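**Student:** A single structure is presented below for examination.
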Amino acid sequence: IMISEKKYISIFPYNVKGYLNNNLFSIKKNKGIEATLFSKLKKDLRKLNIEINTLDIEIKEQTDLYVYFDLPFPANFSAWKSIIFGKAKKILICYEPPTVIPFNYMKPFHIFFKKVYTWNDQLVDNKKYFKINLPKSIEGYKTEPKKFENKKFLCLINSNKLPFFPFKIVKHFGKELYSERIKSIEFYEKFMPNKFFLYGRGWNKKKKYNLSEKIFGFKKYKCYKGEVKDKIKLLSTFKFCLCFENLGEVKGFITEKMFDCFKARCVPIYWGASNIDKYIPKKCYIDFRDFNDYKRLSDFLASIDESKYNGYIKNIESLLSDKKFKKRWFEEGFSEFFVKDVLEIN
């Protein structure tokens with residue numbers, strides 16, 4: 001497919017200033033999980049005579065399409081000006097959950113967009129609201145599995161964050177799982193201190209805008225081992241990882257957490273999308289909801305011998321080698337989805 005007349009697309013990138021000036025498309029400058037996705041997308045669109053830039057890049061030609069990955073925060077007046085008054089067609093892709101950006105899911109804002117793409121299966125009507133599988137990077141999927149006896153037992157890798165309180169209490173958005181991570185850390189710190197390891201930014205120090213921690217202090221965890229440079233490499237040294245999404249008990253919200261475990265050949269203990277088994281075979285992960293209790297979960301994990309554990313790894317290997325699965329979730333599928341669905345080029 002080749003477009004005879006050159007087209008121009010502008011992207012609003014996730015409310016991340018560091019992604020502007022086309023850094024979103026640069027693997028060197030974009031250190032996030034989106035780097036390979038968008039660098040490949042830019043190359044693929046150029047083959048079709050389509051130029052894609054972040055919306056701060058000025059071009060002489062008129063922009064044909066604006067694609068917003070998440071709605072801008074209210075203080076971003078220039079971005080909202082282009083949404084409200086811009087004449088070009090606009091598409092919204094809701095990436096972050098409502099506990100992070102609730103504006104994404106406030107329908108009065110959607111009148112400015114021709115299409116709204118969402119991970120939330122319950123909103124999809126294939127008229128205004130369309131399904132998107134949140135894309136992942138395939139980098140690291142060839143990681144060699146380590147031997148069972150050489151792996152440590154259990155880890156949790158997350159930044160120490162809590163949702164903004166007014167967002168947290170809006171119950172119809174789903175169950176926030178930030179607090180559940182804290183419960184898991186406190187359980188394993190107490191009952192399995194030598195087998196559980198905590199990693200990520202922001203632990204063992206006060207949060208910048210948390211008034212109560214400034215007044216009453218903050219908790220330090222002995223199980224905390226620091227920040228992470230190479231997540232996949234670190235995960236590959238563990239048998240199990242607690243993978244709690246930011247949001248639970250909603251349909252379709254599946255981020256990179258479980259996929260990072262798969263790439264590292266680490267068995268994820270998952271809590272998030274209520275219909276996860278629609279997308280991921282249950283033989284590839286452990287569903288926390290089957291236990292809902294850390295003691296029962298721990299007893300089950302301890303009962304898994306090398307043979308049973310390697311069965312999980314074999315199932316994960318089979319999933320990662322499945323072409324349909326890879327196309328559905330990784331770079332190749334994202335480019336194809338963008339061209340055929342978002343741009344409606346057939």
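In the structure tokens, chains take the letters A, B, ... in the order shown, each chain's residues start at 1, and ligands count up from 1 in the order shown.
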Looking only at helix (DSSP H, G or I) from DSSP on the backbone, list the matching residues of stretch 200-332 of chain A as a tab-separated table (two decimals) with N, CA, C and O atoms, in the first residue's frame.
**Tutor:**
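And here is the file that came out, result.tsv:
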chain	number	residue	atom	x	y	z
A	211	LEU	N	1.83	14.35	52.59
A	211	LEU	CA	1.89	15.15	53.81
A	211	LEU	C	2.01	14.28	55.05
A	211	LEU	O	2.78	14.60	55.97
A	212	SER	N	1.28	13.16	55.10
A	212	SER	CA	1.30	12.31	56.29
A	212	SER	C	2.69	11.71	56.53
A	212	SER	O	3.13	11.58	57.67
A	213	GLU	N	3.38	11.36	55.44
A	213	GLU	CA	4.73	10.80	55.59
A	213	GLU	C	5.71	11.86	56.06
A	213	GLU	O	6.67	11.56	56.78
A	214	LYS	N	5.49	13.11	55.66
A	214	LYS	CA	6.36	14.19	56.12
A	214	LYS	C	6.19	14.44	57.62
A	214	LYS	O	7.13	14.77	58.33
A	215	ILE	N	4.95	14.24	58.09
A	215	ILE	CA	4.66	14.50	59.51
A	215	ILE	C	4.98	13.28	60.38
A	215	ILE	O	5.67	13.40	61.40
A	216	PHE	N	4.51	12.09	59.95
A	216	PHE	CA	4.60	10.91	60.79
A	216	PHE	C	5.73	9.96	60.39
A	216	PHE	O	5.98	8.97	61.07
A	231	LYS	N	15.19	-4.98	34.00
A	231	LYS	CA	14.09	-5.71	34.64
A	231	LYS	C	14.04	-7.16	34.20
A	231	LYS	O	13.82	-8.07	35.03
A	232	ILE	N	14.19	-7.42	32.90
A	232	ILE	CA	14.09	-8.79	32.40
A	232	ILE	C	15.20	-9.65	32.98
A	232	ILE	O	14.97	-10.79	33.42
A	233	LYS	N	16.39	-9.12	33.01
A	233	LYS	CA	17.53	-9.86	33.56
A	233	LYS	C	17.31	-10.18	35.03
A	233	LYS	O	17.60	-11.29	35.49
A	234	LEU	N	16.80	-9.21	35.77
A	234	LEU	CA	16.54	-9.43	37.20
A	234	LEU	C	15.45	-10.48	37.38
A	234	LEU	O	15.58	-11.40	38.21
A	235	LEU	N	14.36	-10.35	36.64
A	235	LEU	CA	13.26	-11.31	36.76
A	235	LEU	C	13.70	-12.74	36.46
A	235	LEU	O	13.18	-13.69	37.03
A	256	GLU	N	2.36	-4.44	30.73
A	256	GLU	CA	3.58	-5.19	30.43
A	256	GLU	C	4.02	-6.13	31.54
A	256	GLU	O	4.91	-6.97	31.33
A	257	LYS	N	3.43	-6.02	32.72
A	257	LYS	CA	3.94	-6.73	33.90
A	257	LYS	C	4.02	-8.24	33.68
A	257	LYS	O	5.06	-8.86	33.94
A	258	MET	N	2.94	-8.85	33.24
A	258	MET	CA	2.95	-10.28	33.01
A	258	MET	C	3.87	-10.66	31.86
A	258	MET	O	4.59	-11.66	31.91
A	259	PHE	N	3.91	-9.83	30.83
A	259	PHE	CA	4.73	-10.13	29.65
A	259	PHE	C	6.22	-10.06	29.98
A	259	PHE	O	7.02	-10.82	29.43
A	260	ASP	N	6.61	-9.14	30.85
A	260	ASP	CA	8.01	-9.08	31.28
A	260	ASP	C	8.40	-10.38	31.98
A	260	ASP	O	9.51	-10.88	31.80
A	261	CYS	N	7.51	-10.92	32.78
A	261	CYS	CA	7.78	-12.21	33.43
A	261	CYS	C	7.93	-13.32	32.39
A	261	CYS	O	8.85	-14.15	32.48
A	262	PHE	N	7.04	-13.34	31.42
A	262	PHE	CA	7.13	-14.36	30.38
A	262	PHE	C	8.48	-14.30	29.67
A	262	PHE	O	9.13	-15.32	29.45
A	263	LYS	N	8.90	-13.10	29.30
A	263	LYS	CA	10.16	-12.94	28.59
A	263	LYS	C	11.35	-13.40	29.43
A	263	LYS	O	12.34	-13.88	28.92
A	264	ALA	N	11.22	-13.23	30.75
A	264	ALA	CA	12.30	-13.61	31.67
A	264	ALA	C	12.19	-15.06	32.10
A	264	ALA	O	13.06	-15.56	32.83
A	276	ILE	N	-8.70	-12.22	32.41
A	276	ILE	CA	-7.34	-12.46	31.91
A	276	ILE	C	-7.24	-13.78	31.13
A	276	ILE	O	-6.51	-13.87	30.15
A	277	ASP	N	-8.02	-14.78	31.54
A	277	ASP	CA	-7.91	-16.08	30.86
A	277	ASP	C	-8.47	-16.05	29.44
A	277	ASP	O	-8.25	-16.97	28.66
A	278	LYS	N	-9.16	-14.97	29.08
A	278	LYS	CA	-9.59	-14.79	27.69
A	278	LYS	C	-8.40	-14.49	26.79
A	278	LYS	O	-8.42	-14.80	25.59
A	282	LYS	N	-4.35	-20.03	31.17
A	282	LYS	CA	-4.14	-20.09	32.61
A	282	LYS	C	-2.96	-20.97	33.00
A	282	LYS	O	-2.38	-20.82	34.08
A	283	LYS	N	-2.56	-21.87	32.12
A	283	LYS	CA	-1.43	-22.75	32.41
A	283	LYS	C	-0.09	-22.01	32.38
A	283	LYS	O	0.94	-22.59	32.70
A	284	CYS	N	-0.13	-20.70	32.02
A	284	CYS	CA	1.10	-19.91	31.94
A	284	CYS	C	1.33	-19.01	33.15
A	284	CYS	O	2.37	-18.35	33.24
A	288	PHE	N	-3.87	-15.00	41.41
A	288	PHE	CA	-3.95	-14.72	42.84
A	288	PHE	C	-5.37	-14.89	43.37
A	288	PHE	O	-5.58	-15.25	44.52
A	289	ARG	N	-6.36	-14.66	42.51
A	289	ARG	CA	-7.76	-14.74	42.94
A	289	ARG	C	-8.17	-16.16	43.33
A	289	ARG	O	-9.18	-16.35	44.00
A	290	ASP	N	-7.38	-17.15	42.90
A	290	ASP	CA	-7.64	-18.53	43.31
A	290	ASP	C	-7.35	-18.74	44.79
A	290	ASP	O	-7.75	-19.77	45.35
A	294	TYR	N	-2.50	-14.62	51.32
A	294	TYR	CA	-1.06	-14.78	51.09
A	294	TYR	C	-0.51	-16.05	51.71
A	294	TYR	O	0.43	-16.64	51.19
A	295	LYS	N	-1.10	-16.50	52.81
A	295	LYS	CA	-0.64	-17.75	53.43
A	295	LYS	C	-0.94	-18.94	52.52
A	295	LYS	O	-0.07	-19.79	52.25
A	296	ARG	N	-2.17	-18.99	51.99
A	296	ARG	CA	-2.53	-20.09	51.09
A	296	ARG	C	-1.71	-20.04	49.80
A	296	ARG	O	-1.29	-21.08	49.28
A	297	LEU	N	-1.50	-18.83	49.28
A	297	LEU	CA	-0.66	-18.69	48.10
A	297	LEU	C	0.74	-19.20	48.37
A	297	LEU	O	1.31	-19.96	47.55
A	298	SER	N	1.32	-18.80	49.49
A	298	SER	CA	2.68	-19.20	49.83
A	298	SER	C	2.81	-20.71	49.97
A	298	SER	O	3.80	-21.30	49.52
A	299	ASP	N	1.81	-21.35	50.57
A	299	ASP	CA	1.83	-22.80	50.71
A	299	ASP	C	1.79	-23.47	49.34
A	299	ASP	O	2.48	-24.48	49.10
A	300	PHE	N	0.99	-22.90	48.43
A	300	PHE	CA	0.91	-23.46	47.08
A	300	PHE	C	2.24	-23.31	46.35
A	300	PHE	O	2.72	-24.26	45.72
A	301	LEU	N	2.85	-22.14	46.44
A	301	LEU	CA	4.14	-21.92	45.77
A	301	LEU	C	5.20	-22.86	46.30
A	301	LEU	O	6.02	-23.39	45.53
A	302	ALA	N	5.20	-23.06	47.60
A	302	ALA	CA	6.19	-23.96	48.22
A	302	ALA	C	6.01	-25.40	47.78
A	302	ALA	O	6.96	-26.19	47.79
A	303	SER	N	4.79	-25.75	47.36
A	303	SER	CA	4.51	-27.13	46.95
A	303	SER	C	4.92	-27.42	45.51
A	303	SER	O	4.90	-28.58	45.07
A	306	GLU	N	10.30	-28.99	40.96
A	306	GLU	CA	10.99	-28.62	39.72
A	306	GLU	C	10.21	-29.06	38.48
A	306	GLU	O	10.10	-28.32	37.51
A	307	SER	N	9.63	-30.25	38.54
A	307	SER	CA	8.90	-30.77	37.38
A	307	SER	C	7.67	-29.92	37.07
A	307	SER	O	7.43	-29.55	35.91
A	308	LYS	N	6.90	-29.58	38.12
A	308	LYS	CA	5.71	-28.77	37.91
A	308	LYS	C	6.08	-27.36	37.47
A	308	LYS	O	5.43	-26.78	36.59
A	309	TYR	N	7.15	-26.83	38.06
A	309	TYR	CA	7.59	-25.49	37.69
A	309	TYR	C	8.01	-25.43	36.22
A	309	TYR	O	7.64	-24.52	35.48
A	310	ASN	N	8.77	-26.43	35.80
A	310	ASN	CA	9.22	-26.46	34.41
A	310	ASN	C	8.07	-26.62	33.43
A	310	ASN	O	8.17	-26.26	32.26
A	311	GLY	N	6.95	-27.17	33.93
A	311	GLY	CA	5.75	-27.24	33.11
A	311	GLY	C	5.21	-25.85	32.80
A	311	GLY	O	4.82	-25.56	31.66
A	312	TYR	N	5.22	-24.96	33.80
A	312	TYR	CA	4.85	-23.56	33.57
A	312	TYR	C	5.77	-22.92	32.53
A	312	TYR	O	5.30	-22.24	31.61
A	313	ILE	N	7.06	-23.14	32.69
A	313	ILE	CA	8.04	-22.53	31.78
A	313	ILE	C	7.85	-23.05	30.35
A	313	ILE	O	7.93	-22.27	29.38
A	314	LYS	N	7.57	-24.32	30.22
A	314	LYS	CA	7.34	-24.91	28.89
A	314	LYS	C	6.11	-24.27	28.24
A	314	LYS	O	6.11	-23.97	27.03
A	315	ASN	N	5.08	-24.06	29.03
A	315	ASN	CA	3.86	-23.42	28.49
A	315	ASN	C	4.14	-21.97	28.07
A	315	ASN	O	3.61	-21.49	27.06
A	316	ILE	N	4.95	-21.28	28.86
A	316	ILE	CA	5.33	-19.90	28.52
A	316	ILE	C	6.14	-19.86	27.23
A	316	ILE	O	5.91	-19.02	26.36
A	317	GLU	N	7.10	-20.79	27.11
A	317	GLU	CA	7.91	-20.87	25.88
A	317	GLU	C	7.02	-21.10	24.66
A	317	GLU	O	7.21	-20.47	23.62
A	318	SER	N	6.04	-21.98	24.81
A	318	SER	CA	5.13	-22.27	23.71
A	318	SER	C	4.32	-21.04	23.33
A	318	SER	O	4.11	-20.74	22.14
A	319	LEU	N	3.88	-20.28	24.33
A	319	LEU	CA	3.10	-19.06	24.08
A	319	LEU	C	3.94	-18.03	23.33
A	319	LEU	O	3.47	-17.40	22.38
A	320	LEU	N	5.19	-17.84	23.76
A	320	LEU	CA	6.05	-16.84	23.14
A	320	LEU	C	6.46	-17.21	21.71
A	320	LEU	O	6.87	-16.34	20.94
A	323	LYS	N	2.96	-17.40	16.72
A	323	LYS	CA	2.99	-16.23	15.84
A	323	LYS	C	1.77	-15.32	16.03
A	323	LYS	O	1.88	-14.10	16.00
A	324	LYS	N	0.61	-15.92	16.22
A	324	LYS	CA	-0.60	-15.12	16.42
A	324	LYS	C	-0.52	-14.32	17.72
A	324	LYS	O	-0.94	-13.16	17.78
A	325	PHE	N	0.01	-14.96	18.76
A	325	PHE	CA	0.15	-14.28	20.04
A	325	PHE	C	1.11	-13.11	19.92
A	325	PHE	O	0.84	-11.99	20.39
A	326	LYS	N	2.25	-13.32	19.28
A	326	LYS	CA	3.25	-12.26	19.12
A	326	LYS	C	2.70	-11.11	18.29
A	326	LYS	O	2.93	-9.93	18.60
A	327	LYS	N	1.95	-11.44	17.26
A	327	LYS	CA	1.39	-10.39	16.41
A	327	LYS	C	0.32	-9.60	17.14
A	327	LYS	O	0.15	-8.39	16.91
A	328	ARG	N	-0.38	-10.25	18.03
A	328	ARG	CA	-1.46	-9.61	18.76
A	328	ARG	C	-0.96	-8.58	19.76
A	328	ARG	O	-1.61	-7.57	20.01
A	329	TRP	N	0.25	-8.81	20.33
A	329	TRP	CA	0.68	-8.00	21.45
A	329	TRP	C	1.94	-7.17	21.21
A	329	TRP	O	2.19	-6.23	21.96
A	331	GLU	N	5.38	-5.52	18.53
A	331	GLU	CA	5.62	-4.44	17.56
A	331	GLU	C	4.92	-4.61	16.22
A	331	GLU	O	4.29	-3.69	15.71
A	332	GLU	N	5.05	-5.80	15.64
A	332	GLU	CA	4.50	-6.03	14.31
A	332	GLU	C	2.98	-5.81	14.30
A	332	GLU	O	2.43	-5.16	13.42
**Student:** Within 10 Å of stretch 184-192 of chain A, counting only C-alpha atoms, which residues show up once you throw out same-chain ones fewer than 3 positions away? Write them as JSON, numbers by chain, please.
**Tutor:** {"A": [153, 154, 155, 156, 179, 180, 181, 195, 196, 197, 198, 221, 222, 223, 224, 242, 293, 294, 295, 298]}
**Student:** Go ahead and dump the residues you just picked, N, CA, C and O atoms, as a PDB file, in the first residue's frame.
**Tutor:**
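part-v4.pdb, freshly written:
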ATOM      1  N   PHE A 153      13.363 -17.215  45.234  1.00  0.00           N
ATOM      2  CA  PHE A 153      11.973 -17.634  45.346  1.00  0.00           C
ATOM      3  C   PHE A 153      10.981 -16.626  44.763  1.00  0.00           C
ATOM      4  O   PHE A 153      10.278 -16.917  43.792  1.00  0.00           O
ATOM      5  N   LEU A 154      10.893 -15.415  45.327  1.00  0.00           N
ATOM      6  CA  LEU A 154       9.789 -14.509  44.992  1.00  0.00           C
ATOM      7  C   LEU A 154      10.220 -13.056  45.033  1.00  0.00           C
ATOM      8  O   LEU A 154      10.994 -12.652  45.907  1.00  0.00           O
ATOM      9  N   CYS A 155       9.703 -12.267  44.094  1.00  0.00           N
ATOM     10  CA  CYS A 155      10.011 -10.825  44.080  1.00  0.00           C
ATOM     11  C   CYS A 155       8.767 -10.010  43.734  1.00  0.00           C
ATOM     12  O   CYS A 155       7.757 -10.541  43.252  1.00  0.00           O
ATOM     13  N   LEU A 156       8.878  -8.729  43.973  1.00  0.00           N
ATOM     14  CA  LEU A 156       7.906  -7.739  43.519  1.00  0.00           C
ATOM     15  C   LEU A 156       8.696  -6.559  42.983  1.00  0.00           C
ATOM     16  O   LEU A 156       9.597  -6.058  43.655  1.00  0.00           O
ATOM     17  N   SER A 179      -2.604  -0.550  47.006  1.00  0.00           N
ATOM     18  CA  SER A 179      -2.657  -0.900  48.423  1.00  0.00           C
ATOM     19  C   SER A 179      -2.416  -2.387  48.645  1.00  0.00           C
ATOM     20  O   SER A 179      -1.864  -2.791  49.668  1.00  0.00           O
ATOM     21  N   GLU A 180      -2.847  -3.214  47.674  1.00  0.00           N
ATOM     22  CA  GLU A 180      -2.629  -4.646  47.799  1.00  0.00           C
ATOM     23  C   GLU A 180      -1.148  -5.003  47.718  1.00  0.00           C
ATOM     24  O   GLU A 180      -0.694  -5.970  48.340  1.00  0.00           O
ATOM     25  N   ARG A 181      -0.405  -4.246  46.943  1.00  0.00           N
ATOM     26  CA  ARG A 181       1.042  -4.485  46.900  1.00  0.00           C
ATOM     27  C   ARG A 181       1.651  -4.264  48.283  1.00  0.00           C
ATOM     28  O   ARG A 181       2.525  -5.023  48.711  1.00  0.00           O
ATOM     29  N   LYS A 195      13.194 -14.977  51.669  1.00  0.00           N
ATOM     30  CA  LYS A 195      12.824 -15.517  50.359  1.00  0.00           C
ATOM     31  C   LYS A 195      12.120 -14.507  49.468  1.00  0.00           C
ATOM     32  O   LYS A 195      11.795 -14.810  48.317  1.00  0.00           O
ATOM     33  N   PHE A 196      11.865 -13.320  50.014  1.00  0.00           N
ATOM     34  CA  PHE A 196      11.126 -12.301  49.275  1.00  0.00           C
ATOM     35  C   PHE A 196      11.994 -11.057  49.083  1.00  0.00           C
ATOM     36  O   PHE A 196      12.656 -10.602  50.016  1.00  0.00           O
ATOM     37  N   PHE A 197      11.956 -10.498  47.851  1.00  0.00           N
ATOM     38  CA  PHE A 197      12.809  -9.360  47.512  1.00  0.00           C
ATOM     39  C   PHE A 197      11.970  -8.285  46.821  1.00  0.00           C
ATOM     40  O   PHE A 197      11.229  -8.561  45.877  1.00  0.00           O
ATOM     41  N   LEU A 198      12.111  -7.063  47.303  1.00  0.00           N
ATOM     42  CA  LEU A 198      11.378  -5.907  46.775  1.00  0.00           C
ATOM     43  C   LEU A 198      12.316  -4.994  46.001  1.00  0.00           C
ATOM     44  O   LEU A 198      13.407  -4.666  46.478  1.00  0.00           O
ATOM     45  N   TYR A 221      11.537  -0.983  54.546  1.00  0.00           N
ATOM     46  CA  TYR A 221      11.439  -2.436  54.413  1.00  0.00           C
ATOM     47  C   TYR A 221      12.836  -3.051  54.285  1.00  0.00           C
ATOM     48  O   TYR A 221      13.636  -2.635  53.444  1.00  0.00           O
ATOM     49  N   LYS A 222      13.071  -4.057  55.092  1.00  0.00           N
ATOM     50  CA  LYS A 222      14.363  -4.754  55.034  1.00  0.00           C
ATOM     51  C   LYS A 222      14.507  -5.558  53.749  1.00  0.00           C
ATOM     52  O   LYS A 222      15.620  -5.826  53.301  1.00  0.00           O
ATOM     53  N   CYS A 223      13.368  -5.932  53.163  1.00  0.00           N
ATOM     54  CA  CYS A 223      13.406  -6.737  51.940  1.00  0.00           C
ATOM     55  C   CYS A 223      13.706  -5.899  50.699  1.00  0.00           C
ATOM     56  O   CYS A 223      13.869  -6.444  49.602  1.00  0.00           O
ATOM     57  N   TYR A 224      13.762  -4.580  50.852  1.00  0.00           N
ATOM     58  CA  TYR A 224      14.001  -3.708  49.691  1.00  0.00           C
ATOM     59  C   TYR A 224      15.460  -3.797  49.247  1.00  0.00           C
ATOM     60  O   TYR A 224      16.388  -3.638  50.038  1.00  0.00           O
ATOM     61  N   LEU A 242       5.247 -11.350  41.946  1.00  0.00           N
ATOM     62  CA  LEU A 242       3.908 -10.812  42.174  1.00  0.00           C
ATOM     63  C   LEU A 242       3.627  -9.734  41.138  1.00  0.00           C
ATOM     64  O   LEU A 242       4.309  -8.707  41.089  1.00  0.00           O
ATOM     65  N   ASP A 293      -5.430 -15.006  49.568  1.00  0.00           N
ATOM     66  CA  ASP A 293      -4.856 -15.101  50.904  1.00  0.00           C
ATOM     67  C   ASP A 293      -3.368 -15.416  50.720  1.00  0.00           C
ATOM     68  O   ASP A 293      -3.021 -16.369  50.021  1.00  0.00           O
ATOM     69  N   TYR A 294      -2.502 -14.617  51.319  1.00  0.00           N
ATOM     70  CA  TYR A 294      -1.064 -14.777  51.089  1.00  0.00           C
ATOM     71  C   TYR A 294      -0.512 -16.055  51.711  1.00  0.00           C
ATOM     72  O   TYR A 294       0.435 -16.643  51.190  1.00  0.00           O
ATOM     73  N   LYS A 295      -1.098 -16.499  52.806  1.00  0.00           N
ATOM     74  CA  LYS A 295      -0.645 -17.754  53.428  1.00  0.00           C
ATOM     75  C   LYS A 295      -0.942 -18.935  52.516  1.00  0.00           C
ATOM     76  O   LYS A 295      -0.072 -19.788  52.254  1.00  0.00           O
ATOM     77  N   SER A 298       1.316 -18.803  49.488  1.00  0.00           N
ATOM     78  CA  SER A 298       2.680 -19.199  49.828  1.00  0.00           C
ATOM     79  C   SER A 298       2.812 -20.707  49.969  1.00  0.00           C
ATOM     80  O   SER A 298       3.800 -21.302  49.521  1.00  0.00           O
TER      81      SER A 298
END
**Student:** From the set A:Leu48, A:Leu55, A:Val342, A:Ala35, which residue has the shortest atom-to-atom contact distance to A:Leu20, counting only C-alpha atoms?
**Tutor:**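 So, comparing all the options, the nearest one is A:Leu55.
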**Student:** Separation of atom CA of A:Val67 and atom CA of A:Ile93, in Å?
**Tutor:**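 Atom-to-atom, atom CA of A:Val67 to atom CA of A:Ile93, that is 7.3 Å.
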**Student:** Using Å and a single decimal, report how far atom CA of A:Lys114 sits from atom CA of A:Asn126.
**Tutor:**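 Going from atom CA of A:Asn126 over to atom CA of A:Lys114 covers 12.0 Å.
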**Student:** Can you tell me, as a list of chain:residue names, which residues in stretch 133-259 of chain A count as strand (DSSP E) by DSSP?
**Tutor:**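 These are the residues in question: A:Lys152, A:Phe153, A:Leu154, A:Cys155, A:Leu156, A:Ile157, A:Lys175, A:Glu176, A:Phe196, A:Phe197, A:Leu198, A:Tyr199, A:Phe238, A:Lys239, A:Phe240, A:Cys241, A:Leu242, A:Cys243, A:Phe244, A:Leu247, A:Gly248.
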**Student:** Separation of atom CA of A:Thr255 and atom CA of A:Asn158, in Å?
**Tutor:**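 So the answer is 12.8 Å.
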**Student:** Do a neighbour search on A:Phe113 at 7 Å with only C-alpha atoms, toss out local chain neighbours closer than 4 positions, and write the hits as a list of chain:residue names.
**Tutor:**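 Once the adjacent positions are removed, what remains is A:Lys90, A:Ile91, A:Leu92.
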**Student:** For the selection just defined, write its residues with N, CA and C atoms to a file, as a PDB file, in the first residue's frame.
**Tutor:**
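Result written to result-v5.pdb:
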ATOM      1  N   LYS A  90      -9.360  13.641  14.867  1.00  0.00           N
ATOM      2  CA  LYS A  90      -8.662  13.310  16.116  1.00  0.00           C
ATOM      3  C   LYS A  90      -9.078  11.930  16.609  1.00  0.00           C
ATOM      4  N   ILE A  91      -8.071  11.178  17.074  1.00  0.00           N
ATOM      5  CA  ILE A  91      -8.276   9.839  17.623  1.00  0.00           C
ATOM      6  C   ILE A  91      -7.736   9.839  19.055  1.00  0.00           C
ATOM      7  N   LEU A  92      -8.446   9.209  19.971  1.00  0.00           N
ATOM      8  CA  LEU A  92      -7.971   9.063  21.348  1.00  0.00           C
ATOM      9  C   LEU A  92      -7.696   7.592  21.636  1.00  0.00           C
TER      10      LEU A  92
END
**Student:** Counting only C-alpha atoms, figure out which residue out of A:Phe240, A:Tyr8, A:Thr54, A:Tyr95 gets nearest to A:Ser26.
**Tutor:**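 Closest candidate: A:Thr54.
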